[in-house]
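Here is the file work23.txt (compact mmCIF, C-alpha atoms).
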# COMPACT_ATOMS: atom_id res chain seq x y z
CA MET A 1 69.53 113.90 154.56
CA ARG A 2 71.49 110.67 154.96
CA THR A 3 68.43 108.69 153.89
CA THR A 4 68.12 110.81 150.74
CA ILE A 5 71.80 110.24 149.93
CA LYS A 6 71.42 106.49 150.47
CA TYR A 7 68.41 106.33 148.15
CA GLY A 8 70.28 108.42 145.58
CA VAL A 9 73.31 106.11 145.66
CA LEU A 10 71.04 103.06 145.45
CA LEU A 11 69.19 104.52 142.44
CA LEU A 12 72.51 105.29 140.72
CA LEU A 13 73.75 101.75 141.38
CA LEU A 14 70.57 100.22 139.98
CA THR A 15 70.84 102.41 136.87
CA VAL A 16 74.45 101.34 136.27
CA LEU A 17 73.53 97.67 136.75
CA GLN A 18 70.61 98.03 134.33
CA ILE A 19 72.86 99.63 131.68
CA ASP A 20 75.47 96.92 132.19
CA ALA A 21 72.81 94.19 131.88
CA LYS A 22 71.58 95.70 128.61
CA ALA A 23 75.16 95.96 127.32
CA GLN A 24 75.81 92.31 128.20
CA ALA A 25 72.64 91.27 126.35
CA VAL A 26 73.74 93.26 123.30
CA ARG A 27 77.23 91.72 123.40
CA LYS A 28 75.78 88.22 123.69
CA GLN A 29 73.51 88.79 120.70
CA GLU A 30 76.34 90.34 118.66
CA SER A 31 78.74 87.50 119.48
CA GLN A 32 76.39 85.06 117.72
CA SER A 33 75.44 87.07 114.62
CA VAL A 34 77.22 86.94 111.26
CA TYR A 35 76.13 89.55 108.72
CA LEU A 36 76.45 89.95 104.95
CA GLY A 37 75.65 93.21 103.24
CA LEU A 38 76.27 96.02 100.77
CA LYS A 39 78.36 99.13 101.35
CA GLY A 40 78.64 102.38 99.44
CA GLY A 41 79.61 106.01 99.73
CA LEU A 42 82.15 108.62 98.67
CA ASN A 43 85.92 108.78 98.54
CA LEU A 44 87.91 112.02 98.79
CA PRO A 45 91.18 111.00 97.07
CA ARG A 46 94.53 112.74 96.78
CA MET A 47 98.19 111.85 96.27
CA LEU A 48 101.00 112.20 98.79
CA TYR A 49 104.36 113.10 97.25
CA PHE A 50 107.69 112.32 98.93
CA GLN A 51 111.16 113.58 97.96
CA ASN A 52 109.67 116.29 95.72
CA GLU A 53 109.24 119.56 97.57
CA ALA A 54 107.80 121.49 94.62
CA LEU A 55 105.01 118.98 94.02
CA GLY A 56 104.25 118.78 97.72
CA GLN A 57 103.50 122.51 97.73
CA ILE A 58 100.90 122.36 94.94
CA LYS A 59 97.41 122.53 96.42
CA GLN A 60 95.27 119.60 95.32
CA ASP A 61 91.59 119.91 94.45
CA THR A 62 88.88 118.31 96.57
CA LEU A 63 87.46 115.44 94.55
CA LEU A 64 84.40 113.28 95.28
CA LYS A 65 84.55 109.77 93.85
CA PRO A 66 82.07 106.87 94.29
CA ILE A 67 82.87 103.71 96.20
CA GLY A 68 80.83 100.52 96.61
CA GLY A 69 81.05 96.81 97.32
CA VAL A 70 80.12 93.97 99.64
CA PHE A 71 81.14 93.23 103.23
CA ALA A 72 80.84 90.59 105.92
CA ASP A 73 80.71 91.13 109.68
CA ILE A 74 82.08 88.17 111.63
CA PRO A 75 82.17 88.41 115.45
CA LEU A 76 85.40 87.25 117.10
CA GLY A 77 84.20 87.92 120.66
CA ASP A 78 82.05 90.26 122.70
CA PHE A 79 83.85 93.39 121.51
CA VAL A 80 85.73 92.54 118.31
CA SER A 81 84.58 91.72 114.77
CA ALA A 82 86.38 90.91 111.54
CA ALA A 83 84.87 92.91 108.68
CA PRO A 84 86.35 91.70 105.35
CA GLU A 85 85.12 93.50 102.25
CA VAL A 86 85.57 93.70 98.50
CA MET A 87 85.28 97.29 97.31
CA PHE A 88 85.36 99.07 93.97
CA VAL A 89 86.92 102.50 94.51
CA GLN A 90 88.16 105.44 92.45
CA ARG A 91 91.49 107.01 93.37
CA GLY A 92 93.57 109.83 91.94
CA CYS A 93 94.07 113.55 92.36
CA GLY A 94 93.39 116.90 90.74
CA MET A 95 95.49 120.05 90.71
CA LYS A 96 95.80 123.41 89.01
CA TYR A 97 99.07 125.28 88.64
CA SER A 98 100.89 127.81 86.46
CA HIS A 99 103.59 126.60 84.08
CA PHE A 100 106.83 128.60 83.78
CA SER A 101 105.79 129.50 80.22
CA GLY A 102 102.81 131.40 81.59
CA ALA A 103 100.20 128.74 80.75
CA ASP A 104 97.59 127.68 83.29
CA VAL A 105 97.43 123.91 83.66
CA ALA A 106 94.64 121.68 85.03
CA TYR A 107 95.58 118.05 85.71
CA GLU A 108 93.40 115.20 86.98
CA MET A 109 93.83 111.45 87.52
CA ASN A 110 90.77 109.19 87.70
CA LEU A 111 91.75 105.60 88.45
CA ARG A 112 89.56 102.55 89.16
CA TYR A 113 90.58 99.86 91.64
CA VAL A 114 89.17 96.70 93.16
CA ASP A 115 90.31 96.15 96.75
CA LEU A 116 90.28 93.27 99.18
CA ARG A 117 90.24 94.73 102.68
CA LEU A 118 90.75 92.99 106.02
CA PRO A 119 89.82 95.37 108.84
CA LEU A 120 89.08 94.64 112.50
CA GLU A 121 86.43 96.50 114.48
CA VAL A 122 86.51 97.12 118.24
CA ARG A 123 83.12 98.27 119.52
CA TRP A 124 81.34 99.48 122.63
CA ALA A 125 77.76 98.18 122.79
CA PHE A 126 75.74 100.64 124.88
CA GLN A 127 72.49 99.74 123.14
CA PRO A 128 71.67 97.65 120.04
CA TYR A 129 71.19 100.91 118.11
CA LEU A 130 74.20 102.68 119.69
CA GLN A 131 77.50 100.86 119.15
CA PRO A 132 80.43 103.18 118.39
CA TYR A 133 83.56 101.46 117.13
CA ILE A 134 87.09 101.98 115.88
CA THR A 135 88.42 100.12 112.85
CA PHE A 136 91.90 99.42 111.50
CA GLY A 137 93.40 97.00 109.00
CA ILE A 138 95.16 96.41 105.69
CA GLU A 139 94.09 96.41 102.05
CA ALA A 140 95.42 95.16 98.73
CA GLY A 141 94.06 96.08 95.32
CA PHE A 142 94.50 96.01 91.57
CA CYS A 143 94.21 98.94 89.15
CA LEU A 144 91.47 98.27 86.60
CA GLY A 145 92.36 101.30 84.49
CA GLY A 146 91.21 104.87 84.26
CA ALA A 147 92.13 108.13 82.61
CA ILE A 148 94.63 110.95 83.03
CA GLY A 149 93.57 114.31 81.66
CA MET A 150 95.36 117.63 81.22
CA THR A 151 94.37 120.97 79.72
CA ARG A 152 96.74 123.88 79.17
CA THR A 153 96.10 127.43 78.00
CA ALA A 154 98.22 129.53 75.61
CA PRO A 155 100.98 130.01 74.63
CA ALA A 156 101.10 126.22 74.08
CA ALA A 157 97.44 125.33 74.46
CA PHE A 158 96.21 121.74 74.22
CA ASN A 159 93.73 119.32 75.75
CA GLN A 160 94.91 115.76 76.35
CA THR A 161 93.28 112.63 77.80
CA ILE A 162 95.00 109.26 77.92
CA ASP A 163 93.97 105.83 79.14
CA ALA A 164 95.91 104.96 82.28
CA GLY A 165 97.48 101.51 82.11
CA LYS A 166 100.61 99.70 83.22
CA ALA A 167 102.77 102.26 81.39
CA ASN A 168 101.44 104.99 83.70
CA MET A 169 100.47 103.29 86.94
CA ASN A 170 101.72 100.59 89.28
CA GLN A 171 99.00 97.97 88.89
CA ILE A 172 99.24 96.78 92.50
CA HIS A 173 97.99 98.78 95.47
CA VAL A 174 98.82 97.98 99.11
CA GLY A 175 97.70 100.17 101.97
CA ALA A 176 96.52 100.57 105.54
CA LEU A 177 93.29 101.98 106.93
CA ALA A 178 91.95 103.35 110.21
CA GLY A 179 88.74 105.09 111.18
CA LEU A 180 85.68 105.57 113.36
CA GLY A 181 82.11 104.44 112.98
CA ILE A 182 78.82 103.64 114.62
CA ARG A 183 76.76 100.44 114.34
CA SER A 184 73.04 99.96 114.86
CA VAL A 185 71.17 96.65 115.04
CA PHE A 186 67.41 96.42 114.46
CA GLU A 187 65.01 93.50 114.49
CA VAL A 188 63.44 92.76 111.11
CA GLY A 189 61.17 89.75 111.42
CA LYS A 190 63.21 86.73 112.46
CA ARG A 191 66.54 88.33 111.52
CA ASP A 192 68.61 91.34 112.54
CA LEU A 193 69.46 94.27 110.28
CA LEU A 194 72.88 95.92 110.73
CA LEU A 195 73.59 99.53 109.76
CA LYS A 196 77.17 100.81 109.76
CA LEU A 197 78.13 104.45 109.22
CA SER A 198 81.88 105.07 109.08
CA ALA A 199 84.64 107.49 108.17
CA THR A 200 87.99 105.83 107.34
CA TYR A 201 91.36 107.16 106.30
CA HIS A 202 93.31 105.12 103.72
CA GLN A 203 97.04 105.41 103.09
CA GLY A 204 98.80 103.70 100.20
CA LEU A 205 102.15 102.12 101.02
CA LEU A 206 103.43 101.37 97.49
CA ASP A 207 104.66 103.93 94.96
CA SER A 208 101.95 104.38 92.30
CA TYR A 209 104.41 105.42 89.54
CA SER A 210 104.77 102.62 87.01
CA LYS A 211 107.93 100.55 86.74
CA MET A 212 108.08 101.44 83.03
CA GLU A 213 108.23 105.15 83.91
CA LYS A 214 110.88 104.51 86.54
CA ASP A 215 113.21 102.55 84.26
CA GLY A 216 112.63 104.87 81.27
CA THR A 217 110.90 102.39 78.92
CA ALA A 218 107.74 104.55 78.91
CA ALA A 219 107.65 108.35 78.68
CA PRO A 220 106.07 109.98 81.75
CA GLN A 221 102.83 111.80 80.99
CA ASN A 222 102.67 115.46 82.05
CA VAL A 223 106.15 115.71 83.56
CA ASN A 224 105.30 119.17 84.85
CA ALA A 225 102.69 117.74 87.23
CA TYR A 226 104.98 115.13 88.73
CA GLN A 227 108.57 113.98 88.73
CA ILE A 228 109.34 110.28 88.89
CA THR A 229 112.45 110.94 90.98
CA GLY A 230 110.08 110.92 93.98
CA ASN A 231 107.26 108.70 95.21
CA ARG A 232 103.52 109.13 94.78
CA LEU A 233 101.30 107.43 97.36
CA PRO A 234 97.49 107.31 97.12
CA GLN A 235 95.47 108.63 100.04
CA GLY A 236 91.74 108.84 100.67
CA LEU A 237 89.07 109.71 103.19
CA GLU A 238 86.04 107.45 102.71
CA LEU A 239 82.54 108.13 104.05
CA THR A 240 80.40 105.01 103.75
CA LEU A 241 77.11 103.44 104.80
CA GLY A 242 76.75 99.66 105.05
CA ILE A 243 73.54 97.64 105.32
CA GLY A 244 73.73 93.96 106.26
CA ILE A 245 71.41 91.18 107.35
CA SER A 246 72.20 88.39 109.78
CA LEU A 247 72.63 84.88 108.43
CA ASN A 248 71.24 83.23 111.56
CA ARG A 249 67.62 83.64 112.62
CA ARG A 250 66.73 85.34 115.88
CA ASP A 251 66.19 82.78 118.70
CA ASP A 252 62.93 83.52 120.49
CA ALA A 253 63.08 81.60 123.76
CA CYS A 254 59.39 82.14 124.49
CA SER A 255 58.41 80.27 121.34
CA THR A 256 59.65 77.07 122.98
CA PHE A 257 56.64 77.13 125.28
CA SER A 258 54.05 77.61 122.56
CA ASN A 259 53.70 73.87 121.95
CA ASP A 260 50.57 72.22 123.39
CA ARG A 261 52.57 69.69 125.39
CA TYR A 262 53.37 72.47 127.90
CA ARG A 263 49.68 73.35 128.50
CA ARG A 264 47.33 72.03 131.18
CA LYS A 265 45.03 69.32 129.93
CA GLY A 266 41.67 70.70 128.96
CA ILE A 267 42.81 74.30 129.14
CA ARG A 268 43.62 75.93 125.80
CA GLY A 269 45.54 79.18 125.56
CA ARG A 270 47.13 79.11 129.02
CA LEU A 271 50.82 78.33 129.40
CA PHE A 272 51.76 75.87 132.13
CA GLY A 273 53.43 77.64 135.00
CA PHE A 274 52.70 81.15 133.71

Written as structure tokens, that's how I'd like the structure from this file.
Amino acid sequence: MRTTIKYGVLLLLLTVLQIDAKAQAVRKQESQSVYLGLKGGLNLPRMLYFQNEALGQIKQDTLLKPIGGVFADIPLGDFVSAAPEVMFVQRGCGMKYSHFSGADVAYEMNLRYVDLRLPLEVRWAFQPYLQPYITFGIEAGFCLGGAIGMTRTAPAAFNQTIDAGKANMNQIHVGALAGLGIRSVFEVGKRDLLLKLSATYHQGLLDSYSKMEKDGTAAPQNVNAYQITGNRLPQGLELTLGIGISLNRRDDACSTFSNDRYRRKGIRGRLFGF
């Protein structure tokens, strides 16, 4: 019985050492690889309202908006990477409510932004194809434009769509992000291919109402759907897939011994010492 227990403990120890050796090999490889790639997916945007209880109680629609851009993956150590990216993303919100006049109102904002994001990733490399990670960072963006649309039924029915510009929106976006993901690294010829699947939450930190609306130089659009006495902060849940390729070629140590100067004289095809 004791012998069985000893062999069991020894087998468990060898398994743990083997897993640790594989993890160290993965970390060593990752610490030397810089990747560039493309990233795309979907954003589920909404707006968070402060200081306005009535607006905070209106249920917002679930919207699906595209997102895409480019990213880099730069290792800073065995467990940490910087992952800067430039992303084109749509933000906004949609809601339906009843006006006090009895009209049913549908309101939707579709806004286009370009963001520069600076997240960090902390990962656990169990295998090259199994590397869960957490990510967190900051982002800053610029509003490229968009549209605000509203339809209203009788008794005062109308359908209105306006171009969203600096009279309607704060042109600058600043926010924070945090999320979870999983990385996978695969060999493709002499280079490595990186796949990254992630879900990240984004919270705007600047009021998205325009300064012109705040100081009264521009009339607020659809005052029934928001009140500029409060704040309106963009939020979003992004689901993305990134595909990148390493800039440095894979180092194959065995190829060093393929040169003829390491072979016995007169013997072709046999490596010296092997």

* Asked: So which residues touch Thr217 (chain A) within 12 Å, counting all atoms listed in the file, skipping near sequence neighbours fewer than 4 positions away, as an NGL selection string?
  -> :A and (166-168 or 210-213)

*Counting all atoms listed in the file, the option among A:Leu237, A:Leu120, A:Ile148, A:Ile172 closest to Gln203 (chain A)*: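 Among the listed residues, the smallest separation from Gln203 (chain A) belongs to A:Leu237.
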
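Candidate residues A:Gly77, A:Pro155, A:Gln127, A:Ala164 were compared for distance to Phe100 (chain A), and the nearest is A:Pro155, using all atoms listed in the file.
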
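With all atoms listed in the file taken into account, the protein and nucleic acid residues at most 10 Å from Ile58 (chain A) (excluding it and anything under 3 positions from it in its own chain) are Glu53, Ala54, Leu55, Asp61, Met95, Lys96, Tyr97 and Ala225 of chain A.
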
Across A:Phe186, A:Tyr107, A:Phe71, A:Phe136, the smallest distance to Ile162 (chain A), with only C-alpha atoms counted, is shown by A:Tyr107

_Contact residues around Val122 (chain A) with only C-alpha atoms at 9 Å, ignoring same-chain residues under 5 positions, as a list in words_ = Phe79, Val80, Ser81, Pro132, Tyr133, Ile134, Thr135 and Phe136 of chain A

Sphere at (79.3, 107.0, 102.2), radius 7 Å, counting all atoms listed in the file: residues as a short mmCIF file (atom, residue, chain, number, x, y, z; two decimals) with C-alpha atoms, in the coordinates of the input:
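Printed below is result-v2.cif as written:
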data_model
loop_
_atom_site.label_atom_id
_atom_site.label_comp_id
_atom_site.auth_asym_id
_atom_site.auth_seq_id
_atom_site.Cartn_x
_atom_site.Cartn_y
_atom_site.Cartn_z
CA GLY A 40 78.64 102.38 99.44
CA GLY A 41 79.61 106.01 99.73
CA LEU A 42 82.15 108.62 98.67
CA GLU A 238 86.04 107.45 102.71
CA LEU A 239 82.54 108.13 104.05
CA THR A 240 80.40 105.01 103.75
CA LEU A 241 77.11 103.44 104.80
#

Between CA of Gly165 (chain A) and CA of Gln60 (chain A), measure the distance and give it in Å to one decimal.
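Computing it gives 22.5 Å between the two atoms.
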
* Asked: Is there a way to get, as a PyMOL selection string, all residues within 6 Å of the point (74.2, 101.0, 111.3) in file coordinates, counting all atoms listed in the file?
  -> chain A and resi 183-184+194-197

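Shortest separation to Gly189 (chain A) among A:Arg91, A:Gly68, A:Ser246, A:Ala82 occurs at residue A:Ser246, atoms counted being all atoms listed in the file.
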
Measuring atom to atom with only C-alpha atoms, identify which of A:Tyr129, A:Trp124, A:Phe158, A:Tyr113 is nearest to Cys143 (chain A).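 For Cys143 (chain A), the nearest of the given residues is A:Tyr113.
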